[in-house]
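Colleague: I am sharing upload_28.txt, which consists of compact mmCIF, C-alpha atoms and all ligand atoms:
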```txt
# COMPACT_ATOMS: atom_id res chain seq x y z
CA MET A 95 -16.44 -26.41 6.82
CA GLU A 96 -13.53 -25.23 4.69
CA SER A 97 -14.04 -21.86 3.04
CA LYS A 98 -14.27 -21.50 -0.73
CA LYS A 99 -11.19 -19.68 -2.04
CA ILE A 100 -11.62 -17.13 -4.82
CA VAL A 101 -8.82 -15.21 -6.51
CA PHE A 102 -9.09 -11.47 -5.86
CA ALA A 103 -7.43 -9.70 -8.78
CA THR A 104 -5.41 -6.92 -7.18
CA SER A 105 -1.89 -5.85 -6.34
CA ASN A 106 -3.19 -3.66 -3.48
CA PRO A 107 -2.88 -5.57 -0.18
CA HIS A 108 -5.30 -3.15 1.59
CA LYS A 109 -8.10 -4.23 -0.73
CA VAL A 110 -7.55 -7.91 0.09
CA LEU A 111 -7.56 -7.17 3.83
CA GLU A 112 -10.81 -5.25 3.49
CA VAL A 113 -12.63 -7.79 1.32
CA ASN A 114 -11.69 -10.63 3.67
CA GLU A 115 -12.96 -8.65 6.67
CA ILE A 116 -16.20 -7.84 4.83
CA ALA A 117 -16.60 -11.48 3.71
CA LYS A 118 -16.08 -12.91 7.23
CA GLY A 119 -18.75 -15.50 7.96
CA SER A 120 -19.72 -15.89 4.30
CA GLY A 121 -17.65 -19.05 3.77
CA ILE A 122 -15.57 -17.26 1.11
CA GLU A 123 -11.90 -16.39 1.40
CA PHE A 124 -10.18 -14.18 -1.15
CA ILE A 125 -6.60 -14.96 -2.16
CA LEU A 126 -4.06 -13.02 -4.21
CA PRO A 127 -3.48 -13.81 -7.89
CA PRO A 128 -0.13 -15.24 -9.10
CA ALA A 129 2.82 -12.85 -8.64
CA SER A 130 3.01 -12.26 -12.39
CA PHE A 131 -0.39 -10.46 -12.26
CA SER A 132 0.14 -7.18 -14.10
CA PRO A 133 -2.98 -6.16 -16.02
CA ASN A 134 -3.03 -3.33 -18.54
CA GLU A 135 -5.69 -1.06 -16.97
CA ASN A 136 -6.53 0.86 -20.13
CA GLY A 137 -10.34 0.88 -19.75
CA LYS A 138 -12.44 4.04 -19.82
CA THR A 139 -14.66 3.15 -16.85
CA PHE A 140 -14.40 1.50 -13.43
CA LYS A 141 -16.40 -1.43 -14.84
CA ASP A 142 -14.07 -1.85 -17.84
CA ASN A 143 -10.97 -1.86 -15.65
CA SER A 144 -12.43 -4.31 -13.13
CA TYR A 145 -13.21 -6.66 -16.03
CA ILE A 146 -9.66 -6.31 -17.41
CA LYS A 147 -8.21 -7.22 -14.01
CA ALA A 148 -10.58 -10.13 -13.34
CA LYS A 149 -10.01 -11.61 -16.81
CA GLU A 150 -6.22 -11.40 -16.43
CA ALA A 151 -6.28 -13.08 -13.00
CA ALA A 152 -8.57 -15.85 -14.31
CA ARG A 153 -6.22 -16.44 -17.25
CA LEU A 154 -3.19 -16.72 -14.97
CA SER A 155 -4.82 -18.86 -12.28
CA ASN A 156 -7.28 -20.79 -14.45
CA THR A 157 -10.03 -20.28 -11.87
CA MET A 158 -12.91 -17.94 -11.08
CA ALA A 159 -11.67 -14.42 -10.20
CA LEU A 160 -13.11 -11.24 -8.75
CA ALA A 161 -11.68 -7.75 -9.28
CA ASP A 162 -12.32 -4.31 -7.83
CA ASP A 163 -11.64 -1.09 -9.67
CA SER A 164 -12.31 1.89 -7.51
CA GLY A 165 -11.64 5.56 -7.01
CA LEU A 166 -12.69 8.92 -5.70
CA CYS A 167 -14.86 11.20 -7.89
CA VAL A 168 -14.95 14.85 -6.84
CA GLU A 169 -17.95 16.81 -8.14
CA ALA A 170 -16.26 20.23 -8.47
CA LEU A 171 -13.34 18.61 -10.34
CA ASN A 172 -15.67 17.07 -12.94
CA GLY A 173 -15.35 13.61 -11.38
CA GLU A 174 -11.54 13.62 -11.08
CA PRO A 175 -9.41 11.79 -10.12
CA GLY A 176 -11.94 8.99 -10.88
CA ILE A 177 -10.42 6.01 -12.65
CA TYR A 178 -7.03 7.73 -12.33
CA SER A 179 -7.18 7.83 -8.51
CA ALA A 180 -4.21 5.49 -8.07
CA ARG A 181 -2.20 7.42 -10.69
CA TYR A 182 -3.11 11.03 -9.69
CA ASP A 183 0.41 11.59 -8.31
CA SER A 184 3.35 9.42 -7.28
CA THR A 185 2.60 8.70 -3.58
CA PRO A 186 -0.58 8.51 -1.43
CA GLN A 187 0.43 11.70 0.42
CA LYS A 188 1.16 13.60 -2.80
CA ARG A 189 -2.22 12.51 -4.19
CA ILE A 190 -3.98 13.88 -1.10
CA ASP A 191 -2.01 17.15 -1.24
CA LYS A 192 -2.76 17.59 -4.95
CA LEU A 193 -6.47 16.97 -4.49
CA LEU A 194 -6.75 19.41 -1.56
CA LYS A 195 -4.85 22.05 -3.55
CA ASN A 196 -6.96 21.59 -6.69
CA LEU A 197 -10.15 21.84 -4.65
CA THR A 198 -9.11 25.00 -2.76
CA PRO A 199 -10.99 27.48 -5.04
CA PHE A 200 -14.29 25.60 -4.74
CA GLY A 201 -17.02 25.80 -2.09
CA ASN A 202 -18.56 22.54 -3.28
CA ARG A 203 -16.64 19.67 -1.62
CA LYS A 204 -19.05 16.88 -2.56
CA ALA A 205 -17.42 13.59 -3.58
CA LYS A 206 -18.10 9.90 -3.85
CA PHE A 207 -16.07 6.72 -3.71
CA VAL A 208 -17.04 4.29 -6.45
CA CYS A 209 -16.21 0.59 -6.57
CA ALA A 210 -16.95 -1.60 -9.59
CA MET A 211 -16.56 -5.33 -9.13
CA THR A 212 -16.51 -7.94 -11.87
CA LEU A 213 -16.67 -11.68 -11.23
CA VAL A 214 -15.53 -13.93 -14.09
CA ASN A 215 -15.32 -17.68 -14.54
CA ALA A 216 -12.10 -19.55 -15.43
CA LYS A 217 -12.72 -18.76 -19.11
CA GLY A 218 -12.90 -15.03 -18.34
CA GLU A 219 -16.65 -14.79 -18.98
CA ILE A 220 -18.56 -12.28 -16.83
CA LEU A 221 -20.73 -13.93 -14.17
CA ASN A 222 -21.69 -10.79 -12.28
CA GLN A 223 -20.82 -7.09 -12.39
CA VAL A 224 -21.86 -4.59 -9.72
CA ILE A 225 -21.23 -1.05 -8.46
CA GLY A 226 -21.05 0.28 -4.90
CA GLU A 227 -20.94 3.98 -3.99
CA CYS A 228 -20.21 5.88 -0.79
CA HIS A 229 -21.15 9.58 -0.83
CA GLY A 230 -19.58 12.33 1.26
CA GLN A 231 -17.43 15.44 1.38
CA ILE A 232 -13.74 16.21 1.03
CA ALA A 233 -12.35 17.46 4.36
CA LYS A 234 -10.44 20.76 4.44
CA VAL A 235 -7.52 19.10 6.24
CA GLN A 236 -6.55 15.46 6.39
CA SER A 237 -7.12 13.44 9.55
CA GLY A 238 -6.69 9.84 10.69
CA ILE A 239 -4.38 6.90 10.12
CA ASN A 240 -6.71 3.97 9.38
CA GLY A 241 -7.55 2.61 5.96
CA PHE A 242 -5.56 3.65 2.89
CA GLY A 243 -5.50 5.98 -0.10
CA TYR A 244 -7.79 9.01 0.20
CA ASP A 245 -9.42 7.86 3.47
CA PRO A 246 -7.84 10.73 5.51
CA ILE A 247 -9.71 13.36 3.46
CA PHE A 248 -13.10 11.69 2.91
CA ILE A 249 -15.97 12.38 5.35
CA PRO A 250 -18.89 10.06 4.55
CA ASP A 251 -22.41 11.54 4.72
CA GLY A 252 -23.90 11.11 8.18
CA TYR A 253 -20.51 11.17 9.94
CA GLY A 254 -18.47 14.08 11.23
CA TYR A 255 -15.07 12.50 10.70
CA THR A 256 -12.98 10.90 7.96
CA LEU A 257 -12.84 7.24 6.94
CA ALA A 258 -9.29 7.20 8.31
CA ASP A 259 -10.61 8.29 11.75
CA MET A 260 -13.22 5.53 11.64
CA SER A 261 -12.79 2.00 12.95
CA GLU A 262 -12.10 -0.53 10.21
CA ASP A 263 -15.32 -2.29 11.18
CA LEU A 264 -17.39 0.82 10.56
CA LYS A 265 -15.66 1.63 7.26
CA ASN A 266 -16.35 -1.94 6.17
CA LYS A 267 -20.07 -1.50 6.91
CA ILE A 268 -20.56 1.67 4.87
CA SER A 269 -17.87 1.68 2.17
CA HIS A 270 -18.30 1.52 -1.59
CA ARG A 271 -16.29 -1.72 -1.47
CA SER A 272 -18.57 -3.36 1.10
CA ILE A 273 -21.72 -2.34 -0.82
CA ALA A 274 -20.31 -3.88 -4.01
CA LEU A 275 -18.90 -6.97 -2.32
CA ASN A 276 -22.11 -7.77 -0.47
CA LYS A 277 -23.93 -7.86 -3.83
CA ILE A 278 -21.28 -10.28 -5.18
CA ILE A 279 -21.51 -12.46 -2.05
CA GLU A 280 -25.29 -12.61 -2.44
CA PHE A 281 -24.84 -13.67 -6.07
CA LEU A 282 -22.22 -16.29 -5.12
CA SER A 283 -24.52 -17.75 -2.49
CA THR A 284 -26.91 -18.69 -5.29
CA VAL A 285 -24.29 -20.35 -7.52
CA LEU A 286 -21.65 -21.93 -5.24
P1 LIG A 301 -5.26 -2.76 -8.15
O1 LIG A 301 -5.50 -2.05 -9.48
O2 LIG A 301 -4.10 -3.68 -8.20
O3 LIG A 301 -6.50 -3.40 -7.60
P2 LIG A 301 -5.00 -0.06 -7.14
O4 LIG A 301 -4.79 0.55 -5.79
O5 LIG A 301 -4.14 0.47 -8.28
O6 LIG A 301 -4.84 -1.65 -7.04
P3 LIG A 301 -7.34 0.92 -8.47
O7 LIG A 301 -6.73 1.01 -9.83
O8 LIG A 301 -8.75 0.37 -8.34
O9 LIG A 301 -6.51 0.04 -7.48
O10 LIG A 301 -7.27 2.36 -7.82
C1 LIG A 301 -7.97 2.60 -6.67
C2 LIG A 301 -7.41 3.84 -5.99
O11 LIG A 301 -8.53 4.63 -5.55
C3 LIG A 301 -6.63 3.45 -4.75
O12 LIG A 301 -5.26 3.26 -5.01
C4 LIG A 301 -6.91 4.64 -3.84
O13 LIG A 301 -6.06 5.71 -4.19
C5 LIG A 301 -8.35 5.01 -4.21
N1 LIG A 301 -9.29 4.24 -3.37
C6 LIG A 301 -10.10 3.22 -3.75
N2 LIG A 301 -10.79 2.74 -2.71
C7 LIG A 301 -10.39 3.45 -1.64
C8 LIG A 301 -10.73 3.42 -0.29
O14 LIG A 301 -11.57 2.51 0.21
N3 LIG A 301 -10.14 4.30 0.52
C9 LIG A 301 -9.29 5.22 0.05
N4 LIG A 301 -8.87 5.30 -1.21
C10 LIG A 301 -9.44 4.43 -2.07
```
Would you mind giving the structure from this file in structure tokens?
Ligand code: ITT

Modeller:
Amino acid sequence: MESKKIVFATSNPHKVLEVNEIAKGSGIEFILPPASFSPNENGKTFKDNSYIKAKEAARLSNTMALADDSGLCVEALNGEPGIYSARYDSTPQKRIDKLLKNLTPFGNRKAKFVCAMTLVNAKGEILNQVIGECHGQIAKVQSGINGFGYDPIFIPDGYGYTLADMSEDLKNKISHRSIALNKIIEFLSTVL
């Protein structure tokens, strides 16, 4: 049977790879929005920004769209970088270096990845909105080459190594994104 294609409202190719791995076997395939996709992410929360992205992709493609807004919230830094995770500095390596430096004075290295997902219909109306979280600690030094973003410095609870040292399969079982996406897939299975 042919899979149902749903627009995934992102410009980050890593996210699309991950959601398609997580969705394997569900009968759903996520595809990129039109190239002109360039939402104004000016929301105050992960949920707001995921809605802004989903609505913009639905407007451009005139179909149902799903968006992910995600980030890393560090307890000792009052939840930073949070919704500004992608904009914390100019490159992924500089963002990691800045976070490790800012956290140096603190003993508390607790952190969580948060992923908000919003599913909208072609008119941009919300069909489902969910959150997934993955709790852990910020490593003292970075390690690993898998994944993307802050994966080399995030050690999920219950594991002694970073997400970037983990197989993609394992990350996709425990990540904030997989927790959120599995809720959306469950919802879609009742409406598609
Ligand atoms: P889109 O807005 O186009 O989806 P983006 O990368 O800018 O792409 P966000 O605004 O949601 O996405 O920012 C998410 C940032 O949070 C991302 O760029 C990473 O720096 C970080 N992040 C989110 N999920 C992550 C993960 O699974 N592993 C590592 N870093 C992650």

Colleague: Restricting the calculation to all atoms listed in the file, which member of A:Gly201, A:Gly121, A:Gly252, A:Gly173 is positioned closest to Lys99 (chain A)?

Modeller: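 Residue with the minimum atom-to-atom distance to Lys99 (chain A): A:Gly121.
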
Colleague: Could you check which residues have any atom within 9 Å of (-10.8, 1.8, -17.3), counting all atoms listed in the file with coordinates taken straight from the file, and then list them as a PyMOL selection string?

Modeller: chain A and resi 135-146+163+177-178

Colleague: Give the answer as one residue: which of A:Asn240, A:Gln231, A:Asn106, A:Asn202 has the shortest atom-to-atom distance to Met260 (chain A), using all atoms listed in the file?

Modeller: A:Asn240

Colleague: Give the residue list for ligand LIG 301 (chain A) at 6 Å, counting only C-alpha atoms and all ligand atoms, as a ChimeraX atom specification, sorted by chain and then by residue number.

Modeller: /A:104-106,162-166,179-180,242-245

Colleague: For a quick check of understanding, using all atoms listed in the file, which of A:Phe281, A:Phe102, A:Phe200, A:Tyr182 has the smallest distance to Leu221 (chain A)?

Modeller: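 Distance minimum relative to Leu221 (chain A) lands on A:Phe281.
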
Colleague: Pick out the residues sitting within 10 Å of Pro250 (chain A), and hand them over as a PDB file with C-alpha atoms, keeping the file's coordinate frame; count only C-alpha atoms, and ignore anything fewer than 5 positions along from it in its own chain.

Modeller:
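The result, written out as around_25.pdb:
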```pdb
ATOM      1  CA  LYS A 204     -19.050  16.880  -2.560  1.00  0.00           C
ATOM      2  CA  ALA A 205     -17.420  13.590  -3.580  1.00  0.00           C
ATOM      3  CA  LYS A 206     -18.100   9.900  -3.850  1.00  0.00           C
ATOM      4  CA  PHE A 207     -16.070   6.720  -3.710  1.00  0.00           C
ATOM      5  CA  CYS A 228     -20.210   5.880  -0.790  1.00  0.00           C
ATOM      6  CA  HIS A 229     -21.150   9.580  -0.830  1.00  0.00           C
ATOM      7  CA  GLY A 230     -19.580  12.330   1.260  1.00  0.00           C
ATOM      8  CA  GLN A 231     -17.430  15.440   1.380  1.00  0.00           C
ATOM      9  CA  ILE A 232     -13.740  16.210   1.030  1.00  0.00           C
ATOM     10  CA  ALA A 233     -12.350  17.460   4.360  1.00  0.00           C
ATOM     11  CA  ASP A 245      -9.420   7.860   3.470  1.00  0.00           C
ATOM     12  CA  TYR A 255     -15.070  12.500  10.700  1.00  0.00           C
ATOM     13  CA  THR A 256     -12.980  10.900   7.960  1.00  0.00           C
ATOM     14  CA  LEU A 257     -12.840   7.240   6.940  1.00  0.00           C
ATOM     15  CA  LYS A 265     -15.660   1.630   7.260  1.00  0.00           C
ATOM     16  CA  ILE A 268     -20.560   1.670   4.870  1.00  0.00           C
ATOM     17  CA  SER A 269     -17.870   1.680   2.170  1.00  0.00           C
TER      18      SER A 269
END
```

Colleague: Can you tell me which residues surround region 215-219 of chain A at a distance of at most 6 Å, considering all atoms listed in the file, apart from same-chain residues fewer than 2 positions away, and format the answer as a tab-separated table (two decimals) with C-alpha atoms, in the frame of the given file?

Modeller:
```tsv
chain	number	residue	atom	x	y	z
A	149	LYS	CA	-10.01	-11.61	-16.81
A	152	ALA	CA	-8.57	-15.85	-14.31
A	156	ASN	CA	-7.28	-20.79	-14.45
A	157	THR	CA	-10.03	-20.28	-11.87
A	158	MET	CA	-12.91	-17.94	-11.08
```

Colleague: What gap, in Å, lies between CA of Leu111 (chain A) and CA of Ile190 (chain A)?

Modeller: 21.9 Å

Colleague: For His270 (chain A), which residue among A:Asn196, A:Gly226, A:Pro107, A:Ile249 is the nearest when counting all atoms listed in the file?

Modeller: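 Counting all atoms listed in the file, the residue closest to His270 (chain A) is A:Gly226.
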
Colleague: Grab the CA of Leu275 (chain A) to CA of Phe248 (chain A) distance for me, in Å with one decimal place.

Modeller: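 Separation between CA of Leu275 (chain A) and CA of Phe248 (chain A): 20.2 Å.
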
Colleague: Kindly give the distance, in Å, that separates CA of Lys109 (chain A) and CA of Thr198 (chain A), rounded to a single decimal.

Modeller: 29.3 Å

Colleague: Looking at all atoms listed in the file, which of A:Ser283, A:Pro186, A:Ala148, A:Gly241 is the one that sits closest to Asn266 (chain A)?

Modeller: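 For Asn266 (chain A), the nearest of the given residues is A:Gly241.
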
Colleague: Using all atoms listed in the file, list the residues that have an atom at most 7 Å from (-19.4, -0.5, -8.0), coordinates as in the file, as a ChimeraX atom specification.

Modeller: /A:208-211,224-227,270,274

Colleague: Kindly save the residues from that selection, with C-alpha atoms included, as a short mmCIF file (atom, residue, chain, number, x, y, z; two decimals), in the coordinates of the input.

Modeller:
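And here's result.cif as it stands now:
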```cif
data_model
loop_
_atom_site.label_atom_id
_atom_site.label_comp_id
_atom_site.auth_asym_id
_atom_site.auth_seq_id
_atom_site.Cartn_x
_atom_site.Cartn_y
_atom_site.Cartn_z
CA VAL A 208 -17.04 4.29 -6.45
CA CYS A 209 -16.21 0.59 -6.57
CA ALA A 210 -16.95 -1.60 -9.59
CA MET A 211 -16.56 -5.33 -9.13
CA VAL A 224 -21.86 -4.59 -9.72
CA ILE A 225 -21.23 -1.05 -8.46
CA GLY A 226 -21.05 0.28 -4.90
CA GLU A 227 -20.94 3.98 -3.99
CA HIS A 270 -18.30 1.52 -1.59
CA ALA A 274 -20.31 -3.88 -4.01
#
```

Colleague: Restricting the calculation to all atoms listed in the file, which member of A:Ala129, A:Ile100, A:Ala159, A:Leu194 is positioned closest to Ala117 (chain A)?

Modeller: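 Selected residue with least distance to Ala117 (chain A): A:Ile100.
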
Colleague: Can you pull out the residues contacting Lys267 (chain A)? Cut-off 8 Å, using only C-alpha atoms, and skip same-chain residues under 5 positions away; I want them as a tab-separated table (two decimals) with C-alpha atoms, keeping the file's coordinate frame.

Modeller:
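As written to disk, out.tsv reads:
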```tsv
chain	number	residue	atom	x	y	z
A	116	ILE	CA	-16.20	-7.84	4.83
A	272	SER	CA	-18.57	-3.36	1.10
A	273	ILE	CA	-21.72	-2.34	-0.82
```

Colleague: At a cut-off of 6 Å, using all atoms listed in the file, what residues contact Lys147 (chain A)? Leave out same-chain residues fewer than 4 positions from it and give the result as a ChimeraX atom specification.

Modeller: /A:103,133,161
